[in-house]
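Enquirer: Supplied in structure tokens, the structure appears directly below.
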Amino acid sequence: MIDIEKIRTDFPILGERVYGKDLVYLDNGATTQKPKVVIDRMEEVFTRYNSNIHRGVHHLSDIASREYEQAREIVRGFINAGSTDEIIFNSGTTAGINNVACSFGERFVGRGDEIVISALEHHANIVPWQMLCERKGATLRVIPMSDDGELNIDHYKAILGKSTRLVAITHASNALGVVPPVKEIIAEARRLGIPVLVDGAQGVQHGVVDVRDLDCDFYVFSGHKVYGPTGIGVLYGKRELLDDMPPWQGGGDMVKSVTFEKTEYNDLPFKFEAGTTNYAGAIGLAAALEYIGAVGLEEIAAAEADLLSYATERLSAIKGVTIYGNSSCKISVISFLIDGVHQYDAGMVLDKMGVAVRTGTHCAQPVMERLGIDGTIRASFCFYNTRHEVDRLAEGIEKVIEMFR
Ligand code: PMP
């Protein structure tokens with residue numbers, strides 16, 4: 001069981017007040033708050049050993065390089081990858097997907113080929129594939145979803161075939177919270193020898209992720225959504241694929257030798273880390289992963305499941321509230337609308353009550369189009385939230401309804 005009092009004191013921002021009210025932060029799907037240990041670790045980098053990594057002979061560079069590589073090892077362990085060669089640091093999920101779309105796509109996708117994604121995807125897992133298809137004369141195929149956001153797996157099986165070069169699927173929908181049957185989706189592609197990329201932006205912070213057990217070929221996530229700093233992310237890739245992929249970007253650190261005639265690329269993982277990386281962010285991310293590892297991923301999942309069921313119960317009981325994405329398998333996200341009230345108006349009134357939610361399309365316009373709506377109000381909970389905060393949200397919604405009646 002999580003010691004919620006203790007946990008909340010680990011996150012300094014949770015003590016903030018907004019318009020004179022205690023902050024209720026329910027926008028964790030967009031970004032999570034940072035525990036003190038992460039803030040302290042970042043401060044330590046800049047006050048004690050800041051120095052560019054891998055290139056210096058001096059003491060500070062040596063410490064920074066060791067800490068950076070130690071961070072890579074911590075990420076490896078966290079997602080149970082087989083080797084640190086398979087862990088590439090970048091700026092986030094978006095960069096990871098673009099890396100795969102550009103370098104895997106460059107080598108393995110051609111005219112007439114197909115990329116399969118799903119109706120649940122964030123724009124970051126749509127647009128890079130569309131751009132690739134345009135460059136290569138390939139086609140994007142989409143697994144459709146039901147009104148509840150559940151993917152049609154029979155349709156998926158039917159569209160997989162000889163032309164499919166890659167399946168790119170979200171671990172969980174940021175817009176609705178729905179969790180597709182990712183393991184089954186991977187197993188089906190694996191049977192046909194088709195690689196799978198999992199967009200873990202909404203996956204890695206909600207429970208144990210084991211990339212070898214999932215048997216995915218690529219897994220991408222962002223540091224800022226898993227209690228770490230902004231501007232840092234991870235691309236995991238199976239070594240045999242990464243080895244066969246050309247570098248995405250050229251520059252310093254991704255090379256072994258350079259002449260005007262020829263460049264020899266560096267080994268993994270450096271081949272995909274051109275230029276000065278966000279080494280301070282990587283070290284901060286490692287602190288975040290150690291922190292949630294110590295809290296316990298299973299405990300986090302249990303606390304969030306409790307908040308989800310309590311919030312679903314509270315919000316469903318309010319007349320005029322419609323929840324979208326009523327699947328039995330969800331992360332702790334509730335996407336909803338209030339009859340007769342525009343989502344922006346509701347979001348602004350809730351804000352004045354100190355309750356931070358997100359409104360709009362959540363970078364998932366095709367999800368909204370499929371549901372025939374122009375956006376939702378999204379409350380996304382995490383393990384530092386409380387039932388009392390769910391009550392504050394529910395009371396806020398009731399107030400909104402009263403105001404707009
Ligand atoms: N995929 C999903 C499912 C997301 O929720 C997000 C962030 N909202 C992204 C991709 C993009 O992440 P980032 O902006 O950190 O690159």
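By order of appearance in the structure tokens: chains A, B, ..., then residues from 1 within every chain, and ligands from 1 in the order shown.
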Which residues of chain A have any atom within 6 Å of an atom in ligand 1 when counting only C-alpha atoms and all ligand atoms, and what is the closest pair of atoms for each, with the distance in Å to one decimal? Order the rows by chain and rising number and write it as CSV.
Expert:
```
residue,atom,partner,partner_atom_place_in_ligand_line,distance
A:Ala30,CA,ligand 1,8 (N),5.3
A:Gly92,CA,ligand 1,16 (O),4.4
A:Thr93,CA,ligand 1,16 (O),3.9
A:Thr94,CA,ligand 1,16 (O),3.7
A:His122,CA,ligand 1,1 (N),5.0
A:Ala124,CA,ligand 1,10 (C),5.0
A:Thr170,CA,ligand 1,3 (C),5.9
A:Ser173,CA,ligand 1,3 (C),5.5
A:Asn174,CA,ligand 1,5 (O),4.5
A:Asp199,CA,ligand 1,1 (N),5.8
A:Ala201,CA,ligand 1,2 (C),4.7
A:Gln202,CA,ligand 1,3 (C),5.3
A:Ser222,CA,ligand 1,15 (O),4.8
```
Enquirer: Extract, using only C-alpha atoms, all DNA, RNA and protein residues at most 9 Å from A:Ala138, discarding same-chain residues fewer than 5 positions from it, and format them as a list in words.
Expert: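 Residues near the query, excluding close chain neighbours: Val109, Gly110, Arg111, Gly112, Asp113, Glu114, Ile115, Gln130, Leu132 and Cys133 of chain A.
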Enquirer: Within 10 Å of A:Thr386, counting only C-alpha atoms, which residues show up once you throw out same-chain ones fewer than 5 positions away? Write them as JSON, numbers by chain, please.
Expert: {"A": [4, 5, 8, 24, 303, 304, 306, 307, 381, 391, 392]}
Enquirer: With distances taken over only C-alpha atoms, which residue among A:Arg190, A:Ser83, A:Glu184, A:Thr276 lies nearest A:Arg55?
Expert: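 Distance minimum relative to A:Arg55 lands on A:Thr276.
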Enquirer: Could you work out how far atom CA of A:Arg165 lies from atom CA of A:Ala189, giving the answer in Å with one decimal?
Expert: 9.9 Å
Enquirer: Pick from A:Phe270, A:Phe104, A:Tyr49, A:Phe336: nearest to A:Gly320, with only C-alpha atoms counted?
Expert: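 Of all the options, A:Phe336 lies closest to A:Gly320.
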Enquirer: Identify which of the residues A:Lys183, A:Ile334, A:Thr139, A:Tyr156 lies closest to A:Arg314, counting only C-alpha atoms when measuring atom-to-atom distances.
Expert: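 Among the listed residues, A:Ile334 lies closest to A:Arg314.
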Enquirer: Just asking: which residues within stretch 205-395 of chain A are strand (DSSP E or B) according to DSSP, as JSON, numbers by chain?
Expert: {"A": [218, 219, 220, 221, 222, 233, 234, 235, 236, 237, 255, 256, 257, 258, 263, 264, 265, 321, 322, 323, 324, 330, 333, 334, 335, 336, 337, 338, 341, 355, 356, 358, 359, 360, 376, 377, 378, 379, 380]}
Enquirer: With only C-alpha atoms as the counted atoms, please give the residues lying no more than 9 Å from A:Val75, apart from itself and same-chain residues fewer than 6 positions off, as a list of chain:residue names.
Expert: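 Final neighbour list, sorted by chain and number: A:Ala81, A:Thr84, A:Ile87, A:Val234, A:Leu285, A:Ala286, A:Leu289.
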Enquirer: Would you mind reading off the distance between atom CA of A:Val226 and atom CA of A:Lys352, one decimal, in Å?
Expert: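 These two atoms are separated by 26.9 Å.
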Enquirer: Given the choices A:Asp267, A:Asn98, A:Val333, A:Ile7, which gets closest to A:Asp27 if the distance is worked out from only C-alpha atoms?
Expert: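 That would be A:Val333, the residue with the smallest distance to A:Asp27.
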Enquirer: I need the residue nearest A:Val390 from this list: A:Ala317, A:Leu26, A:Ile117, A:Ile373. Use only C-alpha atoms for the distance.
Expert: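 Ranked by minimum distance to A:Val390, first place goes to A:Leu26.
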Enquirer: Between A:Met368, A:Met254, A:Leu242, A:Ile126, which is the closest to A:Val167 once you count only C-alpha atoms?
Expert: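 That would be A:Ile126, the residue with the smallest distance to A:Val167.
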Enquirer: Could you give me, as a list in words, the residues within 7 Å of A:Gly149, counting only C-alpha atoms and dropping anything in the same chain fewer than 5 positions from it?
Expert: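 That gives Val178, Gly325 and Ser327 of chain A.
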Enquirer: Pull C-alpha atoms from the residues just selected and write them as a PDB file, in the first residue's frame.
Expert:
```pdb
ATOM      1  CA  VAL A 178      -8.214   2.673 -23.265  1.00  0.00           C
ATOM      2  CA  GLY A 325     -13.885   5.230 -23.718  1.00  0.00           C
ATOM      3  CA  SER A 327     -13.558  -0.023 -21.859  1.00  0.00           C
TER       4      SER A 327
END
```
Enquirer: Could you give me, as a PyMOL selection string, the residues within 9 Å of A:Asp339, counting only C-alpha atoms and dropping anything in the same chain fewer than 4 positions from it?
Expert: chain A and resi 319-322+401
Enquirer: Could you dump the residues just selected with N, CA, C and O atoms as a JSON list (two decimals), in the first residue's frame?
Expert:
```
[["chain", "number", "residue", "atom", "x", "y", "z"],
["A", 319, "LYS", "N", -25.66, 13.64, -13.31],
["A", 319, "LYS", "CA", -26.56, 13.72, -14.48],
["A", 319, "LYS", "C", -25.99, 14.76, -15.45],
["A", 319, "LYS", "O", -25.61, 15.86, -15.06],
["A", 320, "GLY", "N", -25.91, 14.34, -16.73],
["A", 320, "GLY", "CA", -25.41, 15.28, -17.75],
["A", 320, "GLY", "C", -23.95, 15.02, -18.11],
["A", 320, "GLY", "O", -23.44, 15.63, -19.04],
["A", 321, "VAL", "N", -23.28, 14.12, -17.37],
["A", 321, "VAL", "CA", -21.88, 13.79, -17.71],
["A", 321, "VAL", "C", -21.85, 12.53, -18.57],
["A", 321, "VAL", "O", -22.48, 11.52, -18.22],
["A", 322, "THR", "N", -21.15, 12.61, -19.70],
["A", 322, "THR", "CA", -20.95, 11.42, -20.55],
["A", 322, "THR", "C", -19.47, 11.10, -20.58],
["A", 322, "THR", "O", -18.64, 11.95, -20.91],
["A", 401, "ILE", "N", -22.20, 22.66, -13.87],
["A", 401, "ILE", "CA", -23.56, 22.37, -14.35],
["A", 401, "ILE", "C", -24.54, 23.42, -13.80],
["A", 401, "ILE", "O", -25.36, 23.96, -14.52]]
```
Enquirer: Do you know which residues are at most 6 Å from A:Val38 counting only C-alpha atoms, after dropping those on the same chain fewer than 5 positions away, and could you put them as a ChimeraX atom specification?
Expert: /A:284,287-288
Enquirer: Store the residues picked out above in a file with N, CA, C and O atoms, as a PDB file, in the first residue's frame.
Expert:
```
ATOM      1  N   GLY A 284      18.546  12.737 -14.664  1.00  0.00           N
ATOM      2  CA  GLY A 284      17.300  13.032 -13.930  1.00  0.00           C
ATOM      3  C   GLY A 284      16.251  11.946 -14.155  1.00  0.00           C
ATOM      4  O   GLY A 284      15.540  11.546 -13.224  1.00  0.00           O
ATOM      5  N   ALA A 287      16.876   9.030 -12.019  1.00  0.00           N
ATOM      6  CA  ALA A 287      16.433   9.262 -10.631  1.00  0.00           C
ATOM      7  C   ALA A 287      14.926   9.028 -10.509  1.00  0.00           C
ATOM      8  O   ALA A 287      14.447   8.470  -9.515  1.00  0.00           O
ATOM      9  N   ALA A 288      14.183   9.455 -11.547  1.00  0.00           N
ATOM     10  CA  ALA A 288      12.721   9.269 -11.526  1.00  0.00           C
ATOM     11  C   ALA A 288      12.371   7.784 -11.555  1.00  0.00           C
ATOM     12  O   ALA A 288      11.487   7.324 -10.816  1.00  0.00           O
TER      13      ALA A 288
END
```
